[in-house]
>>> print(open('entry.txt').read())   # compact mmCIF, C-alpha atoms
# COMPACT_ATOMS: atom_id res chain seq x y z
CA MET A 1 32.25 43.21 49.52
CA PHE A 2 29.39 41.62 51.41
CA LYS A 3 30.81 42.50 54.83
CA PHE A 4 27.91 44.90 55.41
CA LEU A 5 25.62 41.86 55.74
CA ILE A 6 27.33 40.76 58.96
CA ASN A 7 29.12 43.84 60.30
CA PRO A 8 27.11 46.62 62.04
CA SER A 9 29.56 49.47 61.46
CA ARG A 10 29.94 48.65 57.75
CA PHE A 11 26.17 48.41 57.58
CA ASN A 12 25.78 51.86 59.16
CA LYS A 13 28.31 53.39 56.74
CA LEU A 14 26.56 51.89 53.73
CA ILE A 15 23.15 52.98 55.00
CA ASP A 16 24.29 56.59 55.40
CA ILE A 17 25.18 56.63 51.71
CA ILE A 18 22.24 54.80 50.16
CA PHE A 19 19.29 55.64 52.41
CA ARG A 20 18.24 58.91 50.77
CA PRO A 21 18.39 57.59 47.16
CA LEU A 22 16.56 54.47 48.32
CA VAL A 23 13.64 56.51 49.68
CA ILE A 24 13.41 58.46 46.40
CA ILE A 25 13.51 55.29 44.27
CA THR A 26 10.87 53.69 46.49
CA SER A 27 8.47 56.60 46.18
CA ILE A 28 8.93 56.68 42.40
CA THR A 29 8.31 52.92 42.10
CA LEU A 30 5.27 53.13 44.34
CA VAL A 31 3.71 55.89 42.22
CA VAL A 32 4.57 54.08 38.97
CA SER A 33 3.09 50.81 40.22
CA LEU A 34 -0.12 52.49 41.40
CA VAL A 35 -0.52 54.17 38.00
CA LEU A 36 0.17 50.87 36.21
CA ILE A 37 -2.40 49.10 38.38
CA TYR A 38 -4.95 51.86 37.68
CA PHE A 39 -4.57 51.37 33.91
CA SER A 40 -4.23 47.57 34.03
CA PRO A 41 -7.00 45.61 32.27
CA LEU A 42 -9.96 44.12 34.10
CA ASP A 43 -10.34 40.36 34.26
CA TYR A 44 -13.16 38.97 32.10
CA GLN A 45 -14.48 36.85 35.00
CA GLN A 46 -13.40 38.64 38.16
CA GLY A 47 -13.96 42.23 37.04
CA LEU A 48 -12.57 44.88 39.36
CA THR A 49 -11.68 42.50 42.19
CA VAL A 50 -8.67 41.24 40.23
CA LYS A 51 -6.85 44.35 41.43
CA ILE A 52 -6.76 42.96 44.99
CA MET A 53 -4.27 40.46 43.55
CA TYR A 54 -1.68 43.24 43.14
CA ILE A 55 -1.62 43.66 46.92
CA HIS A 56 -2.18 40.01 47.82
CA VAL A 57 0.53 38.30 45.80
CA PRO A 58 3.47 40.65 46.64
CA SER A 59 2.67 40.54 50.35
CA ALA A 60 2.47 36.73 50.24
CA TRP A 61 5.82 36.49 48.47
CA LEU A 62 7.40 38.94 50.89
CA SER A 63 6.07 37.14 53.95
CA LEU A 64 7.81 33.99 52.69
CA LEU A 65 10.93 35.94 51.75
CA THR A 66 11.14 37.54 55.19
CA TYR A 67 10.94 34.15 56.88
CA GLY A 68 13.57 32.84 54.49
CA VAL A 69 15.91 35.70 55.39
CA MET A 70 15.30 35.02 59.08
CA THR A 71 16.09 31.32 58.58
CA PHE A 72 19.30 32.22 56.73
CA TYR A 73 20.40 34.59 59.48
CA SER A 74 19.52 32.05 62.22
CA ILE A 75 21.79 29.49 60.56
CA VAL A 76 24.54 32.09 60.15
CA GLY A 77 24.12 33.33 63.71
CA LEU A 78 24.11 29.89 65.31
CA ALA A 79 26.92 28.47 63.19
CA PHE A 80 29.38 31.39 63.05
CA LYS A 81 28.28 33.18 66.27
CA ILE A 82 27.65 36.53 64.58
CA PRO A 83 25.56 38.79 66.86
CA PHE A 84 24.44 41.07 64.01
CA SER A 85 22.29 38.27 62.56
CA PHE A 86 20.22 38.16 65.78
CA ILE A 87 19.69 41.91 65.53
CA ILE A 88 18.26 41.39 62.05
CA ASN A 89 16.09 38.48 63.28
CA LYS A 90 14.57 40.69 65.95
CA ALA A 91 14.13 43.65 63.62
CA ILE A 92 12.37 42.02 60.68
CA ALA A 93 9.98 39.63 62.47
CA PRO A 94 7.18 42.26 62.86
CA ILE A 95 7.59 43.24 59.19
CA GLY A 96 7.00 39.64 58.12
CA ALA A 97 4.02 39.43 60.47
CA VAL A 98 2.48 42.56 58.91
CA PHE A 99 3.00 41.23 55.38
CA THR A 100 1.39 37.91 56.34
CA LEU A 101 -1.57 39.71 57.92
CA LEU A 102 -1.93 41.89 54.81
CA CYS A 103 -1.89 38.77 52.66
CA LEU A 104 -4.55 37.07 54.80
CA ILE A 105 -6.83 40.12 54.95
CA SER A 106 -6.60 40.95 51.24
CA GLY A 107 -7.11 37.27 50.42
CA SER A 108 -10.28 37.07 52.46
CA MET A 109 -11.54 40.34 50.97
CA TRP A 110 -11.04 38.75 47.54
CA GLY A 111 -12.54 35.46 48.66
CA LYS A 112 -15.86 36.94 49.79
CA PRO A 113 -17.04 38.06 46.29
CA MET A 114 -15.27 35.23 44.39
CA TRP A 115 -15.64 32.10 46.53
CA GLY A 116 -18.62 33.37 48.54
CA THR A 117 -16.87 33.04 51.90
CA TRP A 118 -14.32 34.92 53.97
CA TRP A 119 -12.37 31.84 55.00
CA VAL A 120 -11.97 28.25 53.79
CA TRP A 121 -10.06 25.51 55.63
CA ASP A 122 -7.88 24.93 52.64
CA ALA A 123 -4.23 23.82 52.72
CA ARG A 124 -2.71 27.07 51.43
CA LEU A 125 -4.82 29.34 53.64
CA THR A 126 -4.26 27.24 56.74
CA SER A 127 -0.50 27.03 56.28
CA VAL A 128 -0.27 30.81 55.80
CA ALA A 129 -2.34 31.30 58.97
CA ILE A 130 0.13 29.02 60.78
CA LEU A 131 2.97 31.16 59.41
CA PHE A 132 1.26 34.20 60.96
CA ILE A 133 1.00 32.40 64.32
CA ILE A 134 4.70 31.48 64.10
CA TYR A 135 5.57 35.14 63.50
CA LEU A 136 3.46 36.12 66.52
CA ILE A 137 5.23 33.54 68.71
CA ILE A 138 8.60 34.91 67.57
CA ILE A 139 7.50 38.43 68.54
CA PHE A 140 6.26 37.17 71.94
CA LEU A 141 9.49 35.23 72.52
CA ASN A 142 11.35 38.49 72.00
CA GLN A 143 9.54 39.91 75.03
CA ILE A 144 9.63 37.18 77.66
CA PHE A 145 13.24 36.09 78.20
CA ASP A 146 15.40 37.88 80.73
CA SER A 147 18.86 37.15 79.38
CA ARG A 148 19.72 38.45 75.91
CA GLU A 149 21.93 35.54 74.83
CA VAL A 150 19.29 32.99 75.80
CA ARG A 151 16.60 34.93 73.97
CA GLU A 152 18.56 35.22 70.74
CA LYS A 153 19.55 31.56 70.57
CA THR A 154 16.11 30.26 71.53
CA ILE A 155 14.49 32.38 68.85
CA ALA A 156 17.02 31.20 66.27
CA ILE A 157 16.31 27.55 67.14
CA PHE A 158 12.57 28.20 67.00
CA ILE A 159 12.89 29.89 63.59
CA LEU A 160 14.87 26.92 62.27
CA ILE A 161 12.22 24.44 63.46
CA GLY A 162 9.41 26.61 62.12
CA SER A 163 10.99 26.83 58.67
CA ILE A 164 9.52 23.36 57.97
CA ASN A 165 6.38 25.37 57.18
CA LEU A 166 7.92 27.20 54.20
CA PRO A 167 8.02 24.30 51.69
CA ILE A 168 4.58 23.25 52.92
CA ILE A 169 3.20 26.69 51.98
CA LYS A 170 4.94 26.70 48.62
CA PHE A 171 3.88 23.22 47.53
CA SER A 172 0.50 23.01 49.30
CA VAL A 173 -1.32 23.89 46.06
CA ASP A 174 0.41 21.01 44.28
CA TRP A 175 0.22 18.36 47.02
CA TRP A 176 -3.42 18.76 48.01
CA ASN A 177 -6.61 19.55 46.13
CA THR A 178 -7.10 23.15 47.13
CA LEU A 179 -9.52 25.91 46.30
CA HIS A 180 -6.59 28.30 46.05
CA GLN A 181 -5.27 28.56 42.49
CA PRO A 182 -1.85 26.99 41.77
CA ALA A 183 1.27 29.02 41.03
CA SER A 184 1.00 30.97 37.80
CA VAL A 185 4.09 33.20 37.88
CA SER A 186 6.90 31.19 39.44
CA LYS A 187 6.53 28.15 37.23
CA LEU A 188 9.51 26.51 35.57
CA SER A 189 7.88 26.85 32.15
CA SER A 190 6.67 30.22 30.91
CA PRO A 191 4.25 31.98 33.29
CA SER A 192 0.57 31.54 32.54
CA ILE A 193 -0.29 35.08 33.64
CA ASP A 194 -0.77 37.64 30.86
CA ILE A 195 2.04 40.16 30.30
CA SER A 196 -0.30 43.13 30.84
CA MET A 197 -1.01 41.88 34.36
CA LEU A 198 2.51 40.58 35.03
CA GLN A 199 4.13 44.01 34.56
CA PRO A 200 2.20 45.89 37.30
CA LEU A 201 2.50 42.85 39.57
CA LEU A 202 6.29 42.79 39.29
CA VAL A 203 6.61 46.56 39.75
CA MET A 204 4.32 46.38 42.79
CA THR A 205 6.43 43.53 44.20
CA LEU A 206 9.53 45.68 43.71
CA SER A 207 7.97 48.64 45.52
CA PHE A 208 6.65 46.43 48.34
CA SER A 209 10.07 44.90 48.88
CA LEU A 210 11.68 48.37 48.84
CA ILE A 211 9.19 49.59 51.46
CA GLY A 212 9.94 46.51 53.56
CA LEU A 213 13.65 47.12 53.11
CA ILE A 214 13.37 50.74 54.28
CA ILE A 215 11.40 49.79 57.41
CA ALA A 216 13.89 46.97 58.07
CA ILE A 217 16.83 49.38 57.75
CA LEU A 218 15.25 51.84 60.19
CA ARG A 219 14.48 49.08 62.69
CA ILE A 220 17.94 47.53 62.42
CA LYS A 221 19.55 50.95 62.91
CA ALA A 222 17.42 51.58 66.01
CA GLU A 223 18.27 48.14 67.36
CA ILE A 224 22.01 48.73 66.88
CA LEU A 225 21.69 52.03 68.77
CA ILE A 226 19.82 50.30 71.63
CA ARG A 227 22.57 47.67 71.88
CA LYS A 228 25.21 50.41 71.97
CA ILE A 229 23.44 52.11 74.90
CA ASN A 230 23.22 48.91 76.93
CA MET B 1 31.34 1.16 83.38
CA LEU B 2 30.06 -0.01 80.06
CA PHE B 3 28.20 2.53 77.98
CA ILE B 4 25.18 0.28 77.64
CA ASN B 5 25.08 -0.11 81.43
CA LYS B 6 24.86 3.65 81.87
CA ILE B 7 21.86 3.82 79.56
CA PHE B 8 20.27 0.91 81.40
CA ILE B 9 20.73 2.65 84.76
CA PHE B 10 19.24 5.86 83.31
CA PHE B 11 16.12 3.96 82.24
CA LYS B 12 15.89 2.22 85.60
CA ARG B 13 15.95 5.58 87.37
CA GLU B 14 13.25 6.94 85.06
CA LEU B 15 11.08 3.89 85.75
CA LYS B 16 11.48 4.33 89.52
CA LEU B 17 10.59 8.03 89.24
CA PHE B 18 7.56 7.10 87.19
CA TYR B 19 6.29 4.66 89.82
CA THR B 20 6.80 7.12 92.64
CA ASN B 21 4.94 9.83 90.70
CA ILE B 22 2.15 7.60 89.37
CA VAL B 23 -0.45 10.02 90.77
CA ASP B 24 0.57 12.47 88.02
CA LEU B 25 -0.38 9.99 85.30
CA LEU B 26 -3.66 9.17 87.06
CA THR B 27 -4.45 12.88 87.29
CA ASN B 28 -3.86 13.24 83.55
CA ILE B 29 -6.17 10.30 82.85
CA LEU B 30 -8.80 11.83 85.11
CA PHE B 31 -8.46 15.15 83.26
CA PHE B 32 -8.90 13.29 79.97
CA PHE B 33 -12.12 11.55 81.04
CA LEU B 34 -13.59 14.62 82.70
CA SER B 35 -13.03 16.68 79.57
CA ILE B 36 -14.68 13.94 77.49
CA PHE B 37 -17.71 14.15 79.79
CA ILE B 38 -17.77 17.92 79.48
CA PHE B 39 -17.60 17.66 75.70
CA ILE B 40 -20.48 15.18 75.60
CA PHE B 41 -22.61 17.29 77.94
CA ALA B 42 -21.89 20.38 75.84
CA LEU B 43 -22.78 18.70 72.54
CA GLY B 44 -25.79 16.69 73.64
CA THR B 45 -25.96 12.91 73.56
CA GLY B 46 -27.02 12.23 69.98
CA ASP B 47 -25.47 8.89 68.99
CA LYS B 48 -24.89 9.73 65.33
CA LEU B 49 -23.21 13.06 66.14
CA LEU B 50 -20.87 11.54 68.70
CA GLU B 51 -19.90 8.76 66.29
CA THR B 52 -18.87 11.22 63.58
CA ILE B 53 -16.85 13.57 65.74
CA GLY B 54 -15.50 10.98 68.20
CA VAL B 55 -12.02 10.42 66.77
CA GLY B 56 -11.31 14.12 66.44
CA ILE B 57 -12.39 14.88 70.00
CA ILE B 58 -10.43 11.97 71.47
CA TRP B 59 -7.30 13.04 69.61
CA SER B 60 -7.48 16.69 70.60
CA LEU B 61 -8.12 15.82 74.24
CA LEU B 62 -5.20 13.37 74.22
CA LEU B 63 -3.08 16.23 72.93
CA LEU B 64 -4.28 18.65 75.59
CA SER B 65 -3.78 16.18 78.42
CA SER B 66 -0.27 15.36 77.21
CA THR B 67 0.61 19.06 77.37
CA LEU B 68 -0.17 18.81 81.09
CA SER B 69 2.59 16.26 81.66
CA ILE B 70 5.42 18.04 79.84
CA ARG B 71 5.94 20.58 82.60
CA LYS B 72 7.96 17.99 84.55
CA PHE B 73 10.05 16.82 81.60
CA TYR B 74 13.34 18.47 82.64
CA GLU B 75 12.45 20.83 85.45
CA GLU B 76 13.12 18.62 88.50
CA ASP B 77 16.28 17.13 87.03
CA PHE B 78 17.44 20.64 86.27
CA LYS B 79 16.75 21.92 89.78
CA ASN B 80 18.33 19.05 91.72
CA GLY B 81 21.38 18.82 89.47
CA THR B 82 20.77 15.41 87.90
CA LEU B 83 21.38 16.81 84.42
CA ILE B 84 24.93 17.85 85.32
CA VAL B 85 25.67 14.58 87.15
CA VAL B 86 24.53 12.47 84.21
CA HIS B 87 26.54 14.67 81.86
CA MET B 88 29.64 14.18 83.98
CA GLY B 89 28.98 10.45 83.82
CA GLY B 90 29.76 10.56 80.11
CA ILE B 91 26.37 10.98 78.47
CA SER B 92 26.09 14.01 76.21
CA TYR B 93 23.10 16.32 76.49
CA GLU B 94 21.85 15.24 73.06
CA LEU B 95 21.85 11.57 74.02
CA MET B 96 20.29 12.47 77.36
CA ALA B 97 17.46 14.32 75.61
CA PHE B 98 16.97 11.33 73.31
CA LEU B 99 16.83 8.92 76.27
CA LYS B 100 14.43 11.25 78.06
CA ILE B 101 12.15 11.27 75.01
CA VAL B 102 12.21 7.47 74.75
CA SER B 103 11.56 7.02 78.47
CA HIS B 104 8.72 9.57 78.40
CA PHE B 105 7.25 7.68 75.47
CA LEU B 106 7.55 4.31 77.21
CA PHE B 107 6.52 5.28 80.74
CA VAL B 108 3.98 8.09 80.21
CA GLN B 109 2.46 7.80 76.76
CA ILE B 110 2.21 4.00 76.42
CA PRO B 111 0.26 3.60 79.72
CA PHE B 112 -2.12 6.22 78.36
CA LEU B 113 -3.18 3.67 75.72
CA ILE B 114 -5.47 1.95 78.23
CA THR B 115 -7.76 4.98 78.15
CA ILE B 116 -8.47 4.70 74.43
CA PRO B 117 -10.82 1.65 74.45
CA VAL B 118 -12.87 3.15 77.29
CA ALA B 119 -13.04 6.56 75.63
CA SER B 120 -14.07 5.07 72.30
CA MET B 121 -16.79 3.13 74.12
CA PHE B 122 -18.25 6.44 75.28
CA PHE B 123 -18.39 7.67 71.68
CA ASN B 124 -19.78 4.38 70.23
CA LEU B 125 -16.88 4.11 67.82
CA PRO B 126 -16.83 1.04 65.52
CA MET B 127 -14.05 -1.46 66.14
CA ASN B 128 -11.96 -0.72 63.02
CA GLU B 129 -11.73 2.95 63.99
CA VAL B 130 -10.48 1.96 67.44
CA TYR B 131 -7.63 -0.01 65.81
CA VAL B 132 -6.73 3.03 63.70
CA LEU B 133 -6.83 5.23 66.79
CA PHE B 134 -4.49 2.86 68.59
CA LEU B 135 -2.00 2.77 65.74
CA THR B 136 -2.00 6.53 65.17
CA PHE B 137 -1.66 7.22 68.88
CA VAL B 138 1.37 4.95 69.21
CA ILE B 139 3.13 6.84 66.41
CA GLY B 140 1.74 10.28 67.24
CA SER B 141 2.58 10.13 70.94
CA LEU B 142 6.26 9.69 70.03
CA ILE B 143 6.01 13.01 68.16
CA LEU B 144 4.27 14.54 71.18
CA SER B 145 7.14 13.39 73.41
CA CYS B 146 9.66 15.04 71.07
CA LEU B 147 7.69 18.29 71.09
CA GLY B 148 7.38 18.07 74.86
CA SER B 149 11.15 17.81 75.12
CA ILE B 150 11.60 20.94 73.00
CA SER B 151 9.09 23.05 74.87
CA ALA B 152 10.12 21.84 78.34
CA SER B 153 13.73 22.75 77.61
CA MET B 154 12.58 26.17 76.39
CA ASN B 155 10.65 26.59 79.64
CA LEU B 156 13.90 26.13 81.59
CA LEU B 157 15.16 29.38 80.10
CA ASN B 158 12.53 31.78 81.42
CA SER B 159 11.01 32.00 84.84
CA THR B 160 8.01 34.18 84.05
CA ASN B 161 5.94 32.76 81.21
CA PHE B 162 5.10 29.06 81.24
CA SER B 163 2.30 29.03 78.70
CA ILE B 164 4.60 29.71 75.75
CA GLY B 165 5.92 26.13 75.94
CA SER B 166 2.43 24.67 75.69
CA ILE B 167 1.69 27.01 72.77
CA ILE B 168 4.76 25.71 70.93
CA VAL B 169 3.64 22.11 71.49
CA LEU B 170 0.16 22.92 70.19
CA LEU B 171 1.61 24.70 67.16
CA PHE B 172 3.86 21.86 66.06
CA SER B 173 1.28 19.16 66.79
CA ILE B 174 -0.93 20.45 63.98
CA PRO B 175 0.57 18.02 61.40
CA VAL B 176 0.09 15.14 63.85
CA ILE B 177 -3.59 15.96 64.21
CA ILE B 178 -4.05 16.45 60.46
CA PHE B 179 -2.55 13.13 59.46
CA SER B 180 -3.85 11.02 62.32
CA VAL B 181 -7.45 12.19 62.09
CA GLY B 182 -7.16 12.42 58.30
CA ILE B 183 -6.76 8.63 58.09
CA LYS B 184 -10.36 8.27 59.13
CA ASN B 185 -11.79 11.16 57.14
CA SER B 186 -10.04 10.99 53.78
CA ASP B 187 -10.29 8.38 51.06
CA VAL B 188 -6.53 8.22 50.65
CA ASP B 189 -4.71 4.94 51.06
CA PHE B 190 -4.31 3.90 54.71
CA PHE B 191 -0.61 3.03 54.55
CA SER B 192 0.43 6.25 52.84
CA MET B 193 -0.94 8.27 55.75
CA ILE B 194 0.79 5.97 58.26
CA ASN B 195 4.02 6.41 56.31
CA LEU B 196 3.66 10.19 56.42
CA LEU B 197 3.10 10.06 60.18
CA LEU B 198 6.19 7.86 60.61
CA GLY B 199 8.16 10.31 58.47
CA ILE B 200 7.12 13.26 60.64
CA SER B 201 8.05 11.34 63.79
CA LEU B 202 11.52 10.59 62.37
CA VAL B 203 12.02 14.28 61.48
CA PHE B 204 11.12 15.38 65.00
CA LEU B 205 13.19 12.58 66.55
CA GLY B 206 16.12 14.01 64.61
CA ILE B 207 15.50 17.67 65.45
CA SER B 208 14.36 17.64 69.05
CA PRO B 209 17.40 16.13 70.90
CA TRP B 210 19.64 18.66 69.23
CA SER B 211 17.49 21.69 69.97
CA SER B 212 16.63 20.70 73.54
CA ALA B 213 20.32 20.03 74.24
CA ALA B 214 21.12 23.54 73.00
CA CYS B 215 18.46 24.99 75.30
CA ILE B 216 19.69 22.93 78.29
CA ARG B 217 23.27 24.15 77.75
CA LEU B 218 22.08 27.76 77.66
CA ALA B 219 19.97 27.26 80.79
CA LEU B 220 22.85 25.68 82.71
CA ARG B 221 25.19 28.51 81.70
CA ASN B 222 22.71 31.14 82.93
CA LYS B 223 21.68 29.34 86.09
>>> encode(input="entry.txt", output="structure tokens")
Amino acid sequence: MFKFLINPSRFNKLIDIIFRPLVIITSITLVVSLVLIYFSPLDYQQGLTVKIMYIHVPSAWLSLLTYGVMTFYSIVGLAFKIPFSFIINKAIAPIGAVFTLLCLISGSMWGKPMWGTWWVWDARLTSVAILFIIYLIIIFLNQIFDSREVREKTIAIFILIGSINLPIIKFSVDWWNTLHQPASVSKLSSPSIDISMLQPLLVMTLSFSLIGLIIAILRIKAEILIRKIN
Amino acid sequence: MLFINKIFIFFKRELKLFYTNIVDLLTNILFFFLSIFIFIFALGTGDKLLETIGVGIIWSLLLLSSTLSIRKFYEEDFKNGTLIVVHMGGISYELMAFLKIVSHFLFVQIPFLITIPVASMFFNLPMNEVYVLFLTFVIGSLILSCLGSISASMNLLNSTNFSIGSIIVLLFSIPVIIFSVGIKNSDVDFFSMINLLLGISLVFLGISPWSSAACIRLALRNK
């Protein structure tokens, strides 16, 4: 059932069926989430700037999720020698980098009116900046090696070593005293965010991940075609 | 031959190589002192200022000058075939990487310790900070050796871009810098920071032989 995750031809067959409906669903979700955000209530302290959060939080989650997927596929690729996982690693690294950059930029645009500064050397912000640098190094590593096998395995090893950063990002708000607010949605107890703000946030997260998925599918398809030519 | 004898011979060879190439170490030390001078000239010679930023500057310059020495970690052994000969002698690439890390730590990083008292004299550091600097450098340089092993083995794989290895070392040495300079700056308990640093060094000591052995295998296959 899950063969399409590791087999390029199965993947292509599945994509031919689901790609068109996926685009339609994505556009509907995007419109719905934008409308929901437009009618969502203002914060009593932050005012209008609270709406930056609907861009900031989904892109932060997705930057972590993308790295997690890359870590998973590196383990699979190194352990079971499945070449398709390296294709995915190469295809989704720029997507994760863009999400991280979006998270950093929207965060600093929120930070200027709220904290009074564009950038603070705080644990959460610094670790996300390091995640962005790791993504950039992965993209550079994709360019410099001559042999394909060497390149794929080196990048997989590098991704595995760099995944130490993921738990640091997640728990940095709990381990250190940071200016960044602690987790309010993904807590074990009930979330401390209000339901009227949680709904647009979750729909926006869904539409962001669908957009990321569509770009990833296009890139993976192009990469498979390039491999077939060579 | 006994297994322990093989390891002993490996270390003996490393020691001999170190003494024949001692100019390399002296060049690194010279680089370290020159960059300290440049820093002091750039900042001005206010005593109070130098005292507050001294530990941070010494640590970052130690880091930069240790990235100079990692270029030679595997490259010569790779070119003249020593890696294959040692492997045929019954030492696996993982163990070889581990021995290389230990010998780099003993023969390159430990002699670097003599620079620390002189450098801290330039910055007018108080004596208790010099002790802390010593202790953190002994632990942190082991981590730097591990990182050097990783990036040097990655440099074997490509013949065009050498700076990417140094960038990887700089990237992963961020926790080392945070915890070793943080001992001086934060109010947290001294031993908890030392324990964290020891923990990081154990993690890298576990990871780096494995990953550099994988890179060496790939490089030998594509030679």
>>> atom_distance(input="entry.txt", atom1="CA of Leu43 (chain B)", atom2="CA of Ser120 (chain B)")
16.2 Å
>>> interface_residues(input="entry.txt", of="chain B", to="chain A", cutoff="10 Å", atoms="only C-alpha atoms", output="list in words")
Ile150, Ser153, Met154, Asn155, Leu157, Asn158, Ser159, Thr160, Asn161, Phe162, Ile164, Ile167, Ile168, Leu171, Phe172, Ile174, Phe204, Ile207, Ser208, Trp210, Ser211, Ser212, Ala214, Cys215, Arg217, Leu218, Ala219, Arg221 and Asn222 of chain B
>>> atom_distance(input="entry.txt", atom1="CA of Leu225 (chain A)", atom2="CA of Ser74 (chain A)")
21.1 Å
>>> axis_aligned_box(input="entry.txt", around="region 197-206 of chain A", padding_each_side="4 Å", output="AutoDock Vina command-line options")
--center_x 4.3 --center_y 43.6 --center_z 39.3 --size_x 18.5 --size_y 14.0 --size_z 17.8
>>> atom_distance(input="entry.txt", atom1="CA of Ser141 (chain B)", atom2="CA of Gln109 (chain B)")
6.3 Å
